[in-house]
Each structure stands twice: as structure tokens, then as C-alpha cells.
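Inspection log for the structure reproduced underneath, given as C-alpha cells.
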Amino acid sequence: MHMLTVILTFLLLPFVADDALAQAGDRLYLDAVLEQTSKSKAVYYRELAGREGDLYLARTYTLNGELKAEGTYADEKLLVEHGQFIFYHANGKLESRGAYHMGLKTGVWLRYDR
């Protein structure tokens, strides 16, 4: 009985850890090209902002707290873009908008001047 409990706990641990990544307030640190990195090398961070159906809504900020992007993700780790996205210039004005499908840009993307 005790061994079964240990085995089940070990098998379920990755699911508990993955779910923790999708909690509001947790930060995923990103480098200058929005790839995951350590906190010490980060230029941006991404946070879960809620759910839209089966998708995870997240916002990406500069380390100063300025909004860089917002959009939805297919996975709770906020790594696979899926759905509509909006990116902002450093001055807060709209930079671009478009859609992703399972991490790949799709369709027409609109770009805006500063």
C-alpha cells in the first residue's frame, strides 16, 4: 500500500508542477527575442491573465512593467502561441496584430508606425 502511494505521487508530480506554471502572478522570463530564459538574463516576462475557452490568455511585459504583447496560448506553460496577438511599441502604441496557429504566424499581420 505504501509503495503504491509513493508511485502514484511520483507519477502525478509532473502534472502538479505543470499546473503551477499557469497560476496568475507566476512569471515566465524571456530574452530579447521572447525566448524563455533565466530571470538574470530576462528582458521581458509573461504572466497568465486568464482563460478564453480552452486557451490561456497571457500578457508579456518589459521588466519595467510596460505591456509588450498580449494573446492566447494553446498550452498552460504559455509557450505555444495560438489565436490573436497584439504587440506594442515601447511608447505604448500598437506595433502589430495578427494570429498564430500552434506557434506559427498565420494569415495577414498588420504593422503600425510608432
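Every chain in the C-alpha cells has a letter given in the order shown (A, B, ...), and although residue numbers restart at 1 in each chain, ligands are simply numbered from 1 in the order shown.
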Report the closest atom pair, with its distance in Å rounded to one decimal, for each residue of stretch 16-69 of chain A that has an atom no farther than 12 Å from stretch 84-95 of chain A; count only C-alpha atoms, sort by chain and then rising residue number, and write it as CSV.
residue,atom,partner,partner_atom,distance
A:Leu34,CA,A:Phe87,CA,11.8
A:Glu52,CA,A:Gln84,CA,11.3
A:Leu55,CA,A:Gln84,CA,10.9
A:Tyr56,CA,A:Gln84,CA,11.6
A:Leu57,CA,A:Phe85,CA,9.9
A:Ala58,CA,A:Phe85,CA,9.9
A:Arg59,CA,A:Ile86,CA,9.6
A:Thr60,CA,A:Phe87,CA,9.1
A:Tyr61,CA,A:Tyr88,CA,9.9
A:Thr62,CA,A:Ala90,CA,8.9
A:Leu63,CA,A:Ala90,CA,12.0
A:Asn64,CA,A:Ala90,CA,10.8
A:Gly65,CA,A:Ala90,CA,11.1
A:Glu66,CA,A:Ala90,CA,7.7
A:Leu67,CA,A:Tyr88,CA,7.0
A:Lys68,CA,A:Tyr88,CA,5.1
A:Ala69,CA,A:Phe87,CA,4.2
May I have the selected residues written with all heavy atoms, as a short mmCIF file (atom, residue, chain, number, x, y, z; two decimals), in the first residue's frame?
data_model
loop_
_atom_site.label_atom_id
_atom_site.label_comp_id
_atom_site.auth_asym_id
_atom_site.auth_seq_id
_atom_site.Cartn_x
_atom_site.Cartn_y
_atom_site.Cartn_z
N LEU A 34 12.01 37.06 -27.07
CA LEU A 34 10.86 36.41 -26.42
C LEU A 34 11.01 34.90 -26.26
O LEU A 34 10.02 34.16 -26.25
CB LEU A 34 9.56 36.75 -27.15
CG LEU A 34 9.23 38.24 -27.25
CD1 LEU A 34 7.98 38.47 -28.08
CD2 LEU A 34 9.08 38.86 -25.87
N GLU A 52 -9.57 31.83 -22.02
CA GLU A 52 -10.58 32.10 -23.04
C GLU A 52 -10.93 30.75 -23.64
O GLU A 52 -10.24 30.29 -24.56
CB GLU A 52 -10.05 33.08 -24.10
CG GLU A 52 -9.90 34.49 -23.60
CD GLU A 52 -9.53 35.47 -24.69
OE1 GLU A 52 -9.38 35.07 -25.87
OE2 GLU A 52 -9.38 36.66 -24.37
N LEU A 55 -8.13 28.12 -24.30
CA LEU A 55 -6.86 28.82 -24.45
C LEU A 55 -6.49 29.59 -23.18
O LEU A 55 -7.34 29.91 -22.36
CB LEU A 55 -6.93 29.79 -25.64
CG LEU A 55 -7.23 29.16 -26.99
CD1 LEU A 55 -7.39 30.24 -28.05
CD2 LEU A 55 -6.16 28.16 -27.39
N TYR A 56 -5.20 29.89 -23.07
CA TYR A 56 -4.67 30.62 -21.93
C TYR A 56 -4.29 32.02 -22.38
O TYR A 56 -3.43 32.19 -23.23
CB TYR A 56 -3.43 29.90 -21.37
CG TYR A 56 -3.74 28.53 -20.86
CD1 TYR A 56 -3.76 27.44 -21.73
CD2 TYR A 56 -4.02 28.31 -19.52
CE1 TYR A 56 -4.06 26.17 -21.27
CE2 TYR A 56 -4.32 27.04 -19.05
CZ TYR A 56 -4.34 25.97 -19.93
OH TYR A 56 -4.63 24.72 -19.47
N LEU A 57 -4.94 33.02 -21.81
CA LEU A 57 -4.65 34.41 -22.14
C LEU A 57 -3.47 34.87 -21.30
O LEU A 57 -3.44 34.67 -20.08
CB LEU A 57 -5.87 35.29 -21.83
CG LEU A 57 -5.68 36.79 -22.01
CD1 LEU A 57 -5.39 37.12 -23.46
CD2 LEU A 57 -6.91 37.54 -21.53
N ALA A 58 -2.47 35.47 -21.95
CA ALA A 58 -1.29 35.94 -21.23
C ALA A 58 -0.87 37.30 -21.76
O ALA A 58 -1.18 37.67 -22.89
CB ALA A 58 -0.15 34.95 -21.38
N ARG A 59 -0.15 38.01 -20.90
CA ARG A 59 0.42 39.30 -21.28
C ARG A 59 1.92 39.25 -21.04
O ARG A 59 2.38 38.67 -20.06
CB ARG A 59 -0.22 40.42 -20.46
CG ARG A 59 -1.68 40.61 -20.81
CD ARG A 59 -2.30 41.85 -20.19
NE ARG A 59 -3.67 41.96 -20.63
CZ ARG A 59 -4.72 41.51 -19.92
NH1 ARG A 59 -4.54 40.97 -18.74
NH2 ARG A 59 -5.95 41.63 -20.40
N THR A 60 2.65 39.90 -21.94
CA THR A 60 4.10 39.98 -21.83
C THR A 60 4.46 41.42 -21.55
O THR A 60 3.95 42.34 -22.20
CB THR A 60 4.76 39.49 -23.14
OG1 THR A 60 4.36 38.13 -23.37
CG2 THR A 60 6.28 39.56 -23.05
N TYR A 61 5.34 41.61 -20.56
CA TYR A 61 5.72 42.94 -20.10
C TYR A 61 7.24 43.12 -20.16
O TYR A 61 7.99 42.15 -20.06
CB TYR A 61 5.30 43.16 -18.64
CG TYR A 61 3.83 43.06 -18.40
CD1 TYR A 61 3.24 41.85 -18.04
CD2 TYR A 61 3.01 44.19 -18.50
CE1 TYR A 61 1.87 41.77 -17.80
CE2 TYR A 61 1.64 44.10 -18.26
CZ TYR A 61 1.08 42.89 -17.91
OH TYR A 61 -0.27 42.80 -17.67
N THR A 62 7.68 44.38 -20.27
CA THR A 62 9.09 44.68 -20.06
C THR A 62 9.35 44.53 -18.57
O THR A 62 8.41 44.49 -17.76
CB THR A 62 9.42 46.13 -20.48
OG1 THR A 62 8.73 47.03 -19.61
CG2 THR A 62 9.05 46.38 -21.93
N LEU A 63 10.61 44.47 -18.18
CA LEU A 63 10.92 44.36 -16.76
C LEU A 63 10.47 45.60 -15.99
O LEU A 63 10.31 45.55 -14.77
CB LEU A 63 12.41 44.11 -16.55
CG LEU A 63 12.91 42.75 -17.06
CD1 LEU A 63 14.40 42.60 -16.79
CD2 LEU A 63 12.12 41.60 -16.46
N ASN A 64 10.21 46.71 -16.70
CA ASN A 64 9.68 47.93 -16.08
C ASN A 64 8.18 47.86 -15.88
O ASN A 64 7.57 48.80 -15.36
CB ASN A 64 9.99 49.16 -16.94
CG ASN A 64 11.46 49.39 -17.13
OD1 ASN A 64 12.28 48.71 -16.54
ND2 ASN A 64 11.79 50.34 -17.97
N GLY A 65 7.54 46.79 -16.39
CA GLY A 65 6.10 46.64 -16.24
C GLY A 65 5.28 47.21 -17.38
O GLY A 65 4.05 47.28 -17.29
N GLU A 66 5.93 47.61 -18.48
CA GLU A 66 5.20 48.13 -19.65
C GLU A 66 4.74 46.98 -20.53
O GLU A 66 5.50 46.05 -20.80
CB GLU A 66 6.10 49.08 -20.44
CG GLU A 66 6.52 50.30 -19.66
CD GLU A 66 7.62 51.10 -20.33
OE1 GLU A 66 8.06 50.71 -21.43
OE2 GLU A 66 8.04 52.10 -19.75
N LEU A 67 3.51 47.05 -20.98
CA LEU A 67 2.93 45.98 -21.80
C LEU A 67 3.64 45.89 -23.14
O LEU A 67 3.75 46.88 -23.87
CB LEU A 67 1.44 46.24 -22.01
CG LEU A 67 0.65 45.17 -22.74
CD1 LEU A 67 0.69 43.84 -21.99
CD2 LEU A 67 -0.80 45.61 -22.93
N LYS A 68 4.13 44.70 -23.49
CA LYS A 68 4.79 44.45 -24.77
C LYS A 68 3.87 43.70 -25.72
O LYS A 68 3.85 43.95 -26.92
CB LYS A 68 6.08 43.64 -24.54
CG LYS A 68 6.76 43.14 -25.80
CD LYS A 68 7.26 44.28 -26.66
CE LYS A 68 7.98 43.77 -27.90
NZ LYS A 68 8.17 44.81 -28.90
N ALA A 69 3.10 42.72 -25.19
CA ALA A 69 2.24 41.90 -26.04
C ALA A 69 1.14 41.26 -25.21
O ALA A 69 1.27 41.10 -24.00
CB ALA A 69 3.06 40.82 -26.73
#
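All residues of stretch 49-84 of chain A that DSSP, run on the backbone, classes as strand (DSSP E or B) are Ala49, Gly50, Arg51, Glu52, Leu55, Tyr56, Leu57, Ala58, Arg59, Thr60, Tyr61, Thr62, Leu67, Lys68, Ala69, Glu70, Gly71, Thr72, Tyr73, Glu81, His82, Gly83 and Gln84 of chain A.
With distances restricted to only C-alpha atoms, A:His101 is the closest residue to A:Val80 from A:His101, A:Arg46, A:Arg51, A:Lys41.
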Q: Record the distance separating atom CA of A:Asp26 and atom CA of A:Leu79, expressed in Å with one decimal.
A: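 We find that atom CA of A:Asp26 and atom CA of A:Leu79 lie 13.9 Å from each other.
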Q) From the set A:Tyr73, A:Tyr100, A:Trp109, A:Tyr44, which residue has the shortest atom-to-atom contact distance to A:Tyr29, counting only C-alpha atoms? A)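 When distances to A:Tyr29 are compared using only C-alpha atoms, the smallest one comes from A:Tyr44.
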Q: To one decimal in Å, tell me the separation between atom CA of A:Thr37 and atom CA of A:Lys105.
A: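 Separation of atom CA of A:Thr37 and atom CA of A:Lys105: 21.9 Å.
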